[in-house]
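Trainee: So I've got this file, upload-v1.csv, and it contains CSV, C-alpha atoms and all ligand atoms:
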chain,number,residue,atom,x,y,z
A,437,MET,CA,92.3,140.3,101.6
A,438,GLU,CA,94.2,137.1,101.2
A,439,LYS,CA,92.1,134.5,99.4
A,440,ILE,CA,92.1,130.9,100.5
A,441,TYR,CA,91.1,128.7,97.6
A,442,LEU,CA,89.6,125.4,98.8
A,443,ASP,CA,87.9,124.3,95.6
A,444,ASN,CA,90.6,122.2,94.0
A,445,ALA,CA,88.2,119.4,93.0
A,446,ALA,CA,86.6,121.9,90.6
A,447,THR,CA,89.9,123.1,89.3
A,448,THR,CA,93.5,123.8,90.4
A,449,GLU,CA,95.8,126.7,90.1
A,450,VAL,CA,98.4,126.2,87.3
A,451,ALA,CA,101.6,125.2,89.1
A,452,LYS,CA,104.5,127.6,88.9
A,453,GLU,CA,106.7,124.9,87.4
A,454,VAL,CA,104.1,124.3,84.7
A,455,ILE,CA,104.0,128.1,84.0
A,456,GLU,CA,107.7,128.1,83.7
A,457,GLU,CA,107.6,125.1,81.3
A,458,ILE,CA,104.9,126.8,79.2
A,459,LYS,CA,107.0,130.0,79.1
A,460,ASN,CA,110.0,128.0,77.8
A,461,LYS,CA,107.9,126.3,75.2
A,462,ILE,CA,105.6,129.1,74.1
A,463,GLY,CA,107.6,129.7,71.0
A,464,ILE,CA,106.8,126.2,69.7
A,465,TYR,CA,104.0,127.2,67.2
A,466,GLY,CA,104.3,124.6,64.5
A,467,ASN,CA,101.4,122.4,63.4
A,468,PRO,CA,102.4,118.9,64.7
A,469,SER,CA,101.1,117.4,61.4
A,470,SER,CA,103.4,119.5,59.2
A,471,ARG,CA,106.3,117.6,57.8
A,472,HIS,CA,108.8,120.5,58.0
A,473,SER,CA,111.2,121.1,60.9
A,474,ILE,CA,108.9,123.7,62.7
A,475,GLY,CA,106.1,121.2,62.7
A,476,LYS,CA,108.3,118.4,63.8
A,477,GLU,CA,109.4,120.4,66.8
A,478,ALA,CA,105.8,120.4,68.0
A,479,LYS,CA,105.3,116.8,67.1
A,480,ILE,CA,108.4,115.8,69.2
A,481,GLU,CA,107.0,117.6,72.2
A,482,ILE,CA,103.7,115.8,71.9
A,483,GLU,CA,105.4,112.4,71.6
A,484,LYS,CA,107.6,113.1,74.5
A,485,ALA,CA,104.6,114.0,76.6
A,486,ARG,CA,102.7,110.9,75.4
A,487,GLU,CA,105.6,108.6,76.4
A,488,LYS,CA,106.0,110.2,79.8
A,489,ILE,CA,102.3,110.0,80.6
A,490,ALA,CA,102.1,106.4,79.3
A,491,LYS,CA,105.0,105.4,81.6
A,492,PHE,CA,103.3,107.1,84.5
A,493,ILE,CA,100.3,104.8,84.3
A,494,GLY,CA,102.0,101.6,83.0
A,495,ALA,CA,100.7,102.0,79.5
A,496,LYS,CA,102.2,102.1,76.0
A,497,PRO,CA,102.5,105.5,74.3
A,498,GLU,CA,100.2,104.5,71.5
A,499,GLU,CA,97.5,103.8,74.1
A,500,ILE,CA,97.2,107.5,75.0
A,501,VAL,CA,94.9,109.7,72.9
A,502,PHE,CA,94.9,113.4,73.8
A,503,THR,CA,91.5,115.1,74.1
A,504,SER,CA,90.1,118.4,75.2
A,505,GLY,CA,89.5,117.1,78.7
A,506,ALA,CA,87.6,114.5,80.6
A,507,THR,CA,84.1,115.3,79.4
A,508,GLU,CA,85.3,114.5,75.9
A,509,SER,CA,87.3,111.5,77.1
A,510,ASN,CA,84.2,110.0,78.8
A,511,ASN,CA,82.0,110.6,75.7
A,512,PHE,CA,84.7,109.1,73.5
A,513,ALA,CA,85.1,106.0,75.8
A,514,LEU,CA,81.4,105.3,76.1
A,515,LYS,CA,80.1,106.2,72.7
A,516,GLY,CA,83.2,105.1,70.8
A,517,THR,CA,83.2,101.6,72.2
A,518,LEU,CA,79.4,101.2,71.9
A,519,MET,CA,79.6,102.0,68.2
A,520,ASN,CA,81.7,98.9,67.9
A,521,SER,CA,79.5,96.5,69.9
A,522,ASN,CA,76.3,94.8,69.1
A,523,LYS,CA,75.5,94.7,72.9
A,524,LYS,CA,73.3,97.5,74.2
A,525,HIS,CA,73.6,97.4,78.0
A,526,ILE,CA,75.9,99.6,80.2
A,527,VAL,CA,76.5,99.5,83.9
A,528,ILE,CA,77.5,102.6,85.8
A,529,SER,CA,77.3,103.7,89.5
A,530,SER,CA,74.6,106.1,90.8
A,531,ILE,CA,77.3,108.6,91.8
A,532,GLU,CA,79.1,109.1,88.4
A,533,HIS,CA,79.9,112.6,87.2
A,534,PRO,CA,77.3,114.2,84.8
A,535,ALA,CA,79.9,113.6,82.1
A,536,VAL,CA,79.0,109.9,82.4
A,537,ILE,CA,75.4,110.0,83.6
A,538,GLU,CA,74.2,112.5,80.9
A,539,ILE,CA,75.9,110.4,78.2
A,540,CYS,CA,74.0,107.4,79.4
A,541,GLU,CA,70.7,109.3,79.5
A,542,ASP,CA,71.3,110.3,75.9
A,543,LEU,CA,72.1,106.7,75.0
A,544,LYS,CA,68.9,105.6,76.5
A,545,LYS,CA,67.1,107.6,73.8
A,546,HIS,CA,68.9,105.5,71.3
A,547,GLY,CA,67.8,102.1,72.6
A,548,TYR,CA,70.5,101.4,75.2
A,549,LYS,CA,69.7,100.1,78.6
A,550,ILE,CA,71.5,101.5,81.6
A,551,SER,CA,71.9,99.8,85.0
A,552,TYR,CA,72.7,102.1,87.9
A,553,VAL,CA,74.6,100.4,90.7
A,554,ASN,CA,73.9,102.0,94.1
A,555,VAL,CA,76.5,102.9,96.6
A,556,ASN,CA,76.3,102.2,100.3
A,557,LYS,CA,75.8,105.0,102.9
A,558,GLU,CA,79.5,105.5,102.8
A,559,GLY,CA,79.5,106.2,99.1
A,560,ILE,CA,81.2,103.0,98.0
A,561,VAL,CA,80.2,100.7,95.2
A,562,ASP,CA,80.0,97.0,96.2
A,563,PRO,CA,81.8,95.0,93.4
A,564,ARG,CA,79.3,92.2,93.9
A,565,ASP,CA,76.5,94.5,92.8
A,566,VAL,CA,78.4,95.3,89.7
A,567,ALA,CA,78.7,91.5,89.0
A,568,LYS,CA,75.0,91.1,89.6
A,569,ALA,CA,74.2,93.9,87.2
A,570,ILE,CA,76.2,92.5,84.3
A,571,THR,CA,74.2,90.5,81.7
A,572,LYS,CA,74.9,88.8,78.4
A,573,GLU,CA,73.9,92.1,76.8
A,574,THR,CA,76.5,94.2,78.8
A,575,ALA,CA,79.0,96.0,76.6
A,576,LEU,CA,80.7,98.2,79.2
A,577,VAL,CA,81.0,99.0,82.9
A,578,SER,CA,82.0,102.6,83.8
A,579,ILE,CA,82.8,103.3,87.5
A,580,MET,CA,84.7,106.3,88.5
A,581,HIS,CA,87.9,105.9,90.6
A,582,VAL,CA,87.4,108.8,93.1
A,583,ASN,CA,84.1,110.7,93.4
A,584,ASN,CA,84.3,114.4,92.7
A,585,GLU,CA,81.7,115.4,95.4
A,586,ILE,CA,82.4,113.2,98.4
A,587,GLY,CA,85.9,112.0,97.5
A,588,THR,CA,85.2,108.3,98.0
A,589,ILE,CA,87.6,105.8,96.4
A,590,GLN,CA,86.0,103.0,94.5
A,591,PRO,CA,87.3,99.4,94.5
A,592,ILE,CA,88.2,99.6,90.8
A,593,GLU,CA,90.7,96.8,90.8
A,594,GLU,CA,88.1,94.3,92.0
A,595,ILE,CA,85.5,95.7,89.5
A,596,ALA,CA,88.1,95.4,86.7
A,597,LYS,CA,88.6,91.7,87.6
A,598,ILE,CA,84.8,91.1,87.5
A,599,CYS,CA,84.6,92.8,84.1
A,600,LYS,CA,87.5,90.8,82.7
A,601,LYS,CA,85.9,87.5,83.9
A,602,ASN,CA,82.7,88.5,82.2
A,603,LYS,CA,84.4,89.7,79.0
A,604,VAL,CA,83.0,93.2,79.5
A,605,LEU,CA,84.9,96.4,78.9
A,606,PHE,CA,85.9,98.4,81.9
A,607,HIS,CA,86.1,102.2,81.8
A,608,THR,CA,87.0,104.4,84.8
A,609,ASP,CA,86.8,108.2,85.1
A,610,ALA,CA,90.0,108.9,87.0
A,611,VAL,CA,89.8,112.7,86.9
A,612,GLN,CA,89.9,113.1,90.7
A,613,SER,CA,92.5,110.4,91.4
A,614,PHE,CA,95.1,110.8,88.6
A,615,GLY,CA,98.3,112.3,89.9
A,616,LYS,CA,97.1,111.8,93.5
A,617,ILE,CA,96.7,108.1,93.9
A,618,LYS,CA,99.0,105.6,92.1
A,619,ILE,CA,97.2,104.1,89.1
A,620,ASP,CA,98.5,101.2,87.0
A,621,VAL,CA,96.2,100.5,84.1
A,622,ASN,CA,97.5,96.9,84.1
A,623,MET,CA,95.1,96.3,87.0
A,624,GLY,CA,92.6,95.5,84.3
A,625,ILE,CA,91.5,99.0,83.1
A,626,ASP,CA,90.5,99.0,79.4
A,627,LEU,CA,89.7,102.8,79.2
A,628,MET,CA,90.5,105.7,81.5
A,629,SER,CA,89.6,109.4,81.3
A,630,VAL,CA,91.9,112.1,82.7
A,631,SER,CA,91.8,115.9,82.7
A,632,GLY,CA,94.7,118.3,83.0
A,633,HIS,CA,93.2,121.2,85.0
A,634,LYS,CA,92.6,119.0,88.1
A,635,ILE,CA,96.3,118.5,88.5
A,636,ASN,CA,97.7,122.0,88.1
A,637,ALA,CA,98.0,121.9,84.3
A,638,LEU,CA,96.1,124.0,81.8
A,639,LYS,CA,92.4,123.7,81.0
A,640,GLY,CA,91.2,122.2,77.8
A,641,VAL,CA,93.5,119.2,77.7
A,642,GLY,CA,93.1,115.6,78.9
A,643,PHE,CA,93.5,112.1,77.5
A,644,LEU,CA,91.8,108.8,77.1
A,645,TYR,CA,93.8,105.7,77.8
A,646,ILE,CA,92.6,103.0,75.4
A,647,ARG,CA,94.1,99.5,76.0
A,648,LYS,CA,95.6,98.1,72.8
A,649,GLY,CA,93.0,95.8,71.2
A,650,VAL,CA,89.9,97.7,72.4
A,651,LYS,CA,87.7,98.4,69.4
A,652,ILE,CA,86.8,102.1,69.5
A,653,SER,CA,85.6,104.6,66.9
A,654,PRO,CA,86.5,108.3,66.9
A,655,LEU,CA,83.8,110.8,67.8
A,656,ILE,CA,85.7,113.6,66.1
A,657,LYS,CA,86.6,113.0,62.5
A,658,GLY,CA,88.7,115.1,60.3
A,659,GLY,CA,92.4,115.3,59.5
A,660,GLY,CA,93.3,112.0,61.2
A,661,GLN,CA,95.4,113.2,64.1
A,662,GLU,CA,96.0,111.0,67.2
A,663,GLY,CA,96.1,107.8,65.1
A,664,ASP,CA,92.9,108.8,63.4
A,665,LEU,CA,91.1,108.5,66.8
A,666,ARG,CA,90.8,112.2,67.6
A,667,SER,CA,91.0,114.7,64.8
A,668,GLY,CA,91.8,118.3,65.2
A,669,THR,CA,95.2,120.1,65.6
A,670,GLU,CA,96.6,119.1,69.0
A,671,ASN,CA,96.6,121.5,72.0
A,672,VAL,CA,100.4,121.4,72.1
A,673,LEU,CA,101.0,123.7,75.1
A,674,GLY,CA,98.2,122.0,77.0
A,675,ILE,CA,99.7,118.6,76.4
A,676,ILE,CA,103.1,119.9,77.5
A,677,SER,CA,101.5,121.3,80.6
A,678,LEU,CA,99.9,118.0,81.5
A,679,ALA,CA,103.2,116.1,81.1
A,680,LYS,CA,104.9,118.6,83.3
A,681,ALA,CA,102.2,118.5,86.0
A,682,ILE,CA,102.8,114.8,86.6
A,683,ASP,CA,106.4,115.5,87.7
A,684,LEU,CA,105.4,117.8,90.5
A,685,LYS,CA,106.1,116.7,94.1
A,686,ARG,CA,102.8,116.4,95.8
A,687,LYS,CA,102.7,116.6,99.6
A,688,SER,CA,99.8,114.2,100.1
A,689,GLU,CA,100.7,113.3,103.7
A,690,GLU,CA,100.8,116.9,104.8
A,691,VAL,CA,97.6,117.7,103.0
A,692,GLY,CA,96.0,114.7,104.6
A,693,LYS,CA,97.0,115.9,108.1
A,694,SER,CA,95.7,119.4,107.3
A,695,ARG,CA,92.4,117.9,106.1
A,696,ASP,CA,92.1,115.8,109.2
A,697,ARG,CA,92.7,118.7,111.5
A,698,ILE,CA,90.1,120.9,109.8
A,699,GLU,CA,87.6,118.0,109.6
A,700,LYS,CA,88.1,117.1,113.3
A,701,GLU,CA,87.0,120.6,114.3
A,702,LEU,CA,84.2,121.0,111.8
A,703,ILE,CA,82.4,117.8,112.9
A,704,LYS,CA,82.1,119.2,116.4
A,705,ILE,CA,79.7,121.9,115.1
A,706,PRO,CA,76.2,121.0,116.3
A,707,GLY,CA,74.3,119.6,113.4
A,708,ALA,CA,77.3,118.7,111.3
A,709,LYS,CA,77.4,115.5,109.3
A,710,LEU,CA,80.5,114.3,107.4
A,711,ASN,CA,79.7,112.7,104.1
A,712,GLY,CA,81.5,109.8,102.4
A,713,SER,CA,83.6,107.0,103.9
A,714,ARG,CA,86.1,108.1,106.6
A,715,GLU,CA,88.7,105.6,105.5
A,716,LYS,CA,88.2,105.1,101.7
A,717,ARG,CA,88.3,108.8,100.8
A,718,ILE,CA,90.9,110.9,99.0
A,719,TYR,CA,93.2,112.8,101.4
A,720,SER,CA,92.2,116.2,100.1
A,721,ASN,CA,88.5,116.1,100.5
A,722,ILE,CA,86.0,117.1,103.2
A,723,THR,CA,82.3,117.1,102.3
A,724,ILE,CA,80.2,118.1,105.2
A,725,SER,CA,76.5,119.0,105.7
A,726,PHE,CA,75.0,121.2,108.3
A,727,TYR,CA,71.5,120.6,109.5
A,728,GLY,CA,68.7,122.9,108.2
A,729,ILE,CA,70.9,125.6,106.6
A,730,GLU,CA,71.6,126.6,103.0
A,731,GLY,CA,75.0,125.6,101.7
A,732,GLU,CA,74.8,128.4,99.1
A,733,SER,CA,74.4,131.0,101.9
A,734,LEU,CA,77.3,129.6,103.7
A,735,GLN,CA,79.3,129.6,100.5
A,736,MET,CA,78.6,133.3,100.0
A,737,LEU,CA,79.4,134.3,103.6
A,738,LEU,CA,82.7,132.4,103.4
A,739,ASP,CA,83.5,134.1,100.0
A,740,GLU,CA,83.0,137.4,101.7
A,741,ALA,CA,85.6,136.2,104.3
A,742,GLY,CA,88.0,135.3,101.4
A,743,ILE,CA,87.4,131.6,101.6
A,744,CYS,CA,86.4,129.8,98.3
A,745,ILE,CA,84.6,126.6,98.8
A,746,SER,CA,82.0,124.7,96.8
A,747,THR,CA,78.5,123.4,97.7
A,748,GLY,CA,79.1,120.3,95.6
A,749,SER,CA,80.6,119.8,92.2
A,750,ALA,CA,81.2,122.9,90.1
A,751,CYS,CA,79.7,121.2,87.1
A,752,SER,CA,76.3,120.7,88.7
A,753,SER,CA,76.2,123.7,91.0
A,754,HIS,CA,74.0,125.5,88.5
A,755,LYS,CA,71.4,122.8,88.8
A,756,LEU,CA,69.0,123.3,91.7
A,757,ALA,CA,67.7,119.8,92.1
A,758,GLY,CA,70.1,118.8,94.9
A,759,SER,CA,73.1,116.6,94.5
A,760,HIS,CA,72.5,113.1,93.1
A,761,VAL,CA,75.5,111.9,95.0
A,762,LEU,CA,74.2,113.1,98.4
A,763,LYS,CA,70.8,111.6,97.6
A,764,ALA,CA,72.5,108.3,96.7
A,765,ILE,CA,74.2,108.2,100.1
A,766,ASP,CA,70.9,109.2,101.7
A,767,VAL,CA,72.2,112.2,103.7
A,768,GLY,CA,68.6,113.0,104.8
A,769,GLU,CA,66.4,115.9,103.8
A,770,MET,CA,67.6,118.3,106.4
A,771,TYR,CA,71.2,117.9,105.3
A,772,LEU,CA,70.8,117.8,101.6
A,773,ASN,CA,70.9,121.6,101.0
A,774,GLY,CA,73.3,122.4,103.8
A,775,ASN,CA,76.3,120.8,102.2
A,776,ILE,CA,79.8,122.2,101.5
A,777,ARG,CA,82.8,120.7,99.8
A,778,ILE,CA,86.4,121.6,100.8
A,779,SER,CA,89.0,120.3,98.5
A,780,LEU,CA,92.7,120.9,99.2
A,781,ASP,CA,95.7,121.0,96.9
A,782,SER,CA,98.8,119.0,97.6
A,783,LEU,CA,101.0,121.7,95.9
A,784,ASN,CA,99.6,124.4,98.2
A,785,VAL,CA,99.6,123.1,101.8
A,786,LEU,CA,97.7,125.4,104.2
A,787,SER,CA,99.5,127.1,107.1
A,788,LYS,CA,98.3,126.5,110.7
A,789,LYS,CA,97.1,130.1,110.7
A,790,GLN,CA,95.0,129.5,107.5
A,791,GLU,CA,93.5,126.3,109.0
A,792,ASP,CA,92.5,128.2,112.1
A,793,TYR,CA,90.9,130.9,110.1
A,794,ILE,CA,88.9,128.4,108.0
A,795,ILE,CA,87.7,126.6,111.1
A,796,LYS,CA,86.7,129.9,112.8
A,797,GLU,CA,84.9,131.3,109.8
A,798,ILE,CA,83.0,128.1,109.1
A,799,LYS,CA,82.0,127.7,112.8
A,800,GLU,CA,80.8,131.3,113.1
A,801,ASN,CA,78.9,131.4,109.9
A,802,VAL,CA,77.2,128.1,110.5
A,803,GLU,CA,76.1,129.4,113.9
A,804,ARG,CA,74.8,132.6,112.3
A,805,LEU,CA,72.8,130.7,109.6
A,806,THR,CA,71.5,128.2,112.2
A,807,LYS,CA,70.2,131.0,114.3
A,808,ILE,CA,68.0,132.3,111.4
A,809,SER,CA,67.0,128.9,110.2
A,810,PRO,CA,63.5,127.7,111.0
A,811,PHE,CA,64.9,124.2,111.4
A,812,LYS,CA,66.7,123.6,114.6
A,813,PHE,CA,69.1,120.7,115.2
A,814,GLY,CA,68.2,118.9,118.4
A,815,GLY,CA,70.1,115.6,118.1
A,816,SER,CA,73.7,114.5,118.4
A,817,ASN,CA,76.4,114.4,115.8
A,818,GLY,CA,77.3,110.9,116.7
A,819,ILE,CA,80.8,111.9,117.7
B,901,LIG,N1,84.7,113.6,85.6
B,901,LIG,C1,84.9,114.1,86.9
B,901,LIG,C2,84.9,113.1,88.0
B,901,LIG,C3,85.1,115.4,87.2
B,901,LIG,O1,85.3,115.9,88.4
B,901,LIG,C4,85.1,116.3,86.1
B,901,LIG,C5,85.3,117.8,86.3
B,901,LIG,O2,84.6,118.4,87.2
B,901,LIG,C6,84.9,115.8,84.8
B,901,LIG,C7,84.8,114.5,84.6
B,901,LIG,C8,85.0,116.7,83.6
B,901,LIG,O3,86.3,117.1,83.3
B,901,LIG,P1,86.6,118.3,82.3
B,901,LIG,O4,86.4,119.6,83.0
B,901,LIG,O5,88.1,118.1,81.9
B,901,LIG,O6,85.7,118.1,81.1
Show me the file's structure as structure tokens.
Mentor:
Amino acid sequence: MEKIYLDNAATTEVAKEVIEEIKNKIGIYGNPSSRHSIGKEAKIEIEKAREKIAKFIGAKPEEIVFTSGATESNNFALKGTLMNSNKKHIVISSIEHPAVIEICEDLKKHGYKISYVNVNKEGIVDPRDVAKAITKETALVSIMHVNNEIGTIQPIEEIAKICKKNKVLFHTDAVQSFGKIKIDVNMGIDLMSVSGHKINALKGVGFLYIRKGVKISPLIKGGGQEGDLRSGTENVLGIISLAKAIDLKRKSEEVGKSRDRIEKELIKIPGAKLNGSREKRIYSNITISFYGIEGESLQMLLDEAGICISTGSACSSHKLAGSHVLKAIDVGEMYLNGNIRISLDSLNVLSKKQEDYIIKEIKENVERLTKISPFKFGGSNGI
């Protein structure tokens, strides 16, 4: 059976151009810290990648620190800057990824105060709420660019301006936007986390952008790699893959059209409710809840039909508490567990036949689950 992979917000397939690049460079085995020619060969590759990535986001090469991925980058950004500040207050949104929320929960145990800025029903942060949450004790504001569950795009430029005015550091988790939406760090971003595997590169590689002048301490100490900010022998092939992935021609417009077509049909299903803003949402996302059914059951049935979707974020799908993001936008009790997330990939545009098959399978399986559910939808979808 042909598989249709619709879980690209969890991870993406490694692009064929990236595989080709890795094949060509697999022989580069030197330790980039070695002073001989074999080591230098690896070092040159890393520095070429750093330069290219820096240019892509309007940064200087020395402002890019390679990490093992965005979980590490977020830990580094938050803990590394707080270690250098005597202020003990952090502002985040209520829909951050666990790789920010859990760090903050941990920091709470060490005397830090956390303010959670709520989002509106559309899943968007109001910059005025960020301004209100900032106090004289605030060291850092961390607001993600695009939400991983509902795809909403946050007004980070306005938030960055507010942070600058208040002399507070601004960090953004740009995992779900990097490579998809143009980002220029000169909009006022002090720190930015990125992960390779969300943009068709390898897993286990990412970076933290750190604006020159930001005081930050390393979390991982050792041999002094990455300007003594992140020790450990660099993931050379991973870094090469990340630099290659940013070159790839992404068909965002075509993906947007495909998303719109699938979405238009799915919202007609009785009891369907689209989550997240219709306008301020990444072109590749559909997060939709169905009244009174179990998202997990739908996921399993679709998997049997060869369609891979998610019920939320892959990182929290092992937690049964219900999505904190869906709760934040107040989807309602009857919709909370009946949620699925479809995330498309701009390097792998769906055919019309695939779109039709996805729509048909979701419609039929929602109908099947609704029939056996004790909760019957009796309202209107509002469409
Ligand atoms: N932040 C966001 C918004 C994510 O979607 C993810 C991955 O799901 C992460 C952070 C963690 O990234 P990584 O898998 O590179 O640690």
Trainee: CA of Lys704 (chain A) and CA of Glu558 (chain A) are how many Å apart?
Mentor: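 Computed distance, CA of Lys704 (chain A) to CA of Glu558 (chain A), equals 19.5 Å.
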Trainee: Separation of CA of Phe813 (chain A) and CA of Pro706 (chain A), in Å?
Mentor: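 Separation of CA of Phe813 (chain A) and CA of Pro706 (chain A): 7.2 Å.
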Trainee: Around the point (75.3, 84.5, 80.2) in the file's coordinates, collect all residues with an atom within 12 Å, using all atoms listed in the file, and return them as a PyMOL selection string.
Mentor: chain A and resi 567-574+601-604
Trainee: Residues of chain A that have any atom at most 10 Å from an atom of ligand LIG 901 (chain B): could you tabulate them with the shortest-distance atom pair and the distance in Å to one decimal, using all atoms listed in the file, ordered by chain and increasing number, as JSON lines?
Mentor:
{"residue": "A:Asn444", "atom": "CA", "partner": "B:LIG901", "partner_atom": "O2", "distance": 9.8}
{"residue": "A:Ala445", "atom": "CA", "partner": "B:LIG901", "partner_atom": "O1", "distance": 6.5}
{"residue": "A:Ala446", "atom": "CA", "partner": "B:LIG901", "partner_atom": "O2", "distance": 5.3}
{"residue": "A:Thr447", "atom": "CA", "partner": "B:LIG901", "partner_atom": "O2", "distance": 7.4}
{"residue": "A:Thr503", "atom": "CA", "partner": "B:LIG901", "partner_atom": "O5", "distance": 9.0}
{"residue": "A:Ser504", "atom": "CA", "partner": "B:LIG901", "partner_atom": "O5", "distance": 7.0}
{"residue": "A:Gly505", "atom": "CA", "partner": "B:LIG901", "partner_atom": "O5", "distance": 3.6}
{"residue": "A:Ala506", "atom": "CA", "partner": "B:LIG901", "partner_atom": "O5", "distance": 3.9}
{"residue": "A:Thr507", "atom": "CA", "partner": "B:LIG901", "partner_atom": "O6", "distance": 3.6}
{"residue": "A:Glu508", "atom": "CA", "partner": "B:LIG901", "partner_atom": "O6", "distance": 6.3}
{"residue": "A:Ser509", "atom": "CA", "partner": "B:LIG901", "partner_atom": "O6", "distance": 7.9}
{"residue": "A:Asn510", "atom": "CA", "partner": "B:LIG901", "partner_atom": "C7", "distance": 7.4}
{"residue": "A:Asn511", "atom": "CA", "partner": "B:LIG901", "partner_atom": "O6", "distance": 10.0}
{"residue": "A:Ile531", "atom": "CA", "partner": "B:LIG901", "partner_atom": "C2", "distance": 9.6}
{"residue": "A:Glu532", "atom": "CA", "partner": "B:LIG901", "partner_atom": "C2", "distance": 7.1}
{"residue": "A:His533", "atom": "CA", "partner": "B:LIG901", "partner_atom": "C2", "distance": 5.1}
{"residue": "A:Pro534", "atom": "CA", "partner": "B:LIG901", "partner_atom": "N1", "distance": 7.5}
{"residue": "A:Ala535", "atom": "CA", "partner": "B:LIG901", "partner_atom": "C7", "distance": 5.6}
{"residue": "A:Val536", "atom": "CA", "partner": "B:LIG901", "partner_atom": "N1", "distance": 7.5}
{"residue": "A:Met580", "atom": "CA", "partner": "B:LIG901", "partner_atom": "C2", "distance": 6.8}
{"residue": "A:His581", "atom": "CA", "partner": "B:LIG901", "partner_atom": "C2", "distance": 8.2}
{"residue": "A:Val582", "atom": "CA", "partner": "B:LIG901", "partner_atom": "C2", "distance": 7.1}
{"residue": "A:Asn583", "atom": "CA", "partner": "B:LIG901", "partner_atom": "C2", "distance": 6.0}
{"residue": "A:Asn584", "atom": "CA", "partner": "B:LIG901", "partner_atom": "O1", "distance": 4.7}
{"residue": "A:Glu585", "atom": "CA", "partner": "B:LIG901", "partner_atom": "O1", "distance": 7.9}
{"residue": "A:Gly587", "atom": "CA", "partner": "B:LIG901", "partner_atom": "C2", "distance": 9.6}
{"residue": "A:Thr608", "atom": "CA", "partner": "B:LIG901", "partner_atom": "C2", "distance": 9.5}
{"residue": "A:Asp609", "atom": "CA", "partner": "B:LIG901", "partner_atom": "N1", "distance": 5.8}
{"residue": "A:Ala610", "atom": "CA", "partner": "B:LIG901", "partner_atom": "C2", "distance": 6.7}
{"residue": "A:Val611", "atom": "CA", "partner": "B:LIG901", "partner_atom": "C2", "distance": 5.0}
{"residue": "A:Gln612", "atom": "CA", "partner": "B:LIG901", "partner_atom": "C2", "distance": 5.7}
{"residue": "A:Ser613", "atom": "CA", "partner": "B:LIG901", "partner_atom": "C2", "distance": 8.8}
{"residue": "A:Ser629", "atom": "CA", "partner": "B:LIG901", "partner_atom": "C7", "distance": 7.7}
{"residue": "A:Val630", "atom": "CA", "partner": "B:LIG901", "partner_atom": "O5", "distance": 7.1}
{"residue": "A:Ser631", "atom": "CA", "partner": "B:LIG901", "partner_atom": "O5", "distance": 4.4}
{"residue": "A:Gly632", "atom": "CA", "partner": "B:LIG901", "partner_atom": "O5", "distance": 6.7}
{"residue": "A:His633", "atom": "CA", "partner": "B:LIG901", "partner_atom": "O5", "distance": 6.7}
{"residue": "A:Lys634", "atom": "CA", "partner": "B:LIG901", "partner_atom": "C5", "distance": 7.6}
{"residue": "A:Leu638", "atom": "CA", "partner": "B:LIG901", "partner_atom": "O5", "distance": 9.9}
{"residue": "A:Lys639", "atom": "CA", "partner": "B:LIG901", "partner_atom": "O5", "distance": 7.1}
{"residue": "A:Gly640", "atom": "CA", "partner": "B:LIG901", "partner_atom": "O5", "distance": 6.6}
{"residue": "A:Val641", "atom": "CA", "partner": "B:LIG901", "partner_atom": "O5", "distance": 6.9}
{"residue": "A:Gly642", "atom": "CA", "partner": "B:LIG901", "partner_atom": "O5", "distance": 6.3}
{"residue": "A:Phe643", "atom": "CA", "partner": "B:LIG901", "partner_atom": "O5", "distance": 9.2}
{"residue": "A:Ser749", "atom": "CA", "partner": "B:LIG901", "partner_atom": "O2", "distance": 6.6}
{"residue": "A:Ala750", "atom": "CA", "partner": "B:LIG901", "partner_atom": "O2", "distance": 6.3}
{"residue": "A:Cys751", "atom": "CA", "partner": "B:LIG901", "partner_atom": "O2", "distance": 5.6}
{"residue": "A:Ser752", "atom": "CA", "partner": "B:LIG901", "partner_atom": "O2", "distance": 8.7}
Trainee: What is the CA of Lys618 (chain A) to CA of Glu449 (chain A) distance in Å?
Mentor: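 Interatomic distance, CA of Lys618 (chain A) to CA of Glu449 (chain A): 21.4 Å.
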Trainee: If we draw a sphere of 10 Å around (77.6, 129.6, 100.2), which residues have at least one atom in it when counting only C-alpha atoms? Please report them as a list in words.
Mentor: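 Within 10 Å of (77.6, 129.6, 100.2), the protein and nucleic acid residues are Glu730, Gly731, Glu732, Ser733, Leu734, Gln735, Met736, Leu737, Leu738, Asp739, Glu740, Cys744, Ile745, Ser746, Thr747, Gly774, Asn775, Ile776 and Asn801 of chain A.
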Trainee: Which residue gives the smallest distance to Leu684 (chain A) among A:Asp664, A:Glu791, A:Glu453, A:Asp696, with all atoms listed in the file counted?
Mentor: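 Of all the options, A:Glu453 lies closest to Leu684 (chain A).
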Trainee: Nearest to Gly649 (chain A) among A:Val577, A:Ile455, A:Leu543, A:Leu605, with distances taken over all atoms listed in the file: which residue is it?
Mentor: A:Leu605
Trainee: Skipping near chain neighbours, those fewer than 4 positions away, what residues fall within 8 Å of Lys488 (chain A) using all atoms listed in the file, listed as JSON, numbers by chain?
Mentor: {"A": [484, 492, 679]}
Trainee: Could you list, as an MDAnalysis selection string, every residue within 12 Å of Glu701 (chain A), counting all atoms listed in the file and ignoring same-chain residues fewer than 5 positions away?
Mentor: chainID A and resid 694:696 706 708:710 722 724 791:799 819
Trainee: Under the rule that only C-alpha atoms are counted, which of A:Ile703, A:Ile440, A:Met628, A:Leu783 is the nearest residue to Ala495 (chain A)?
Mentor: A:Met628
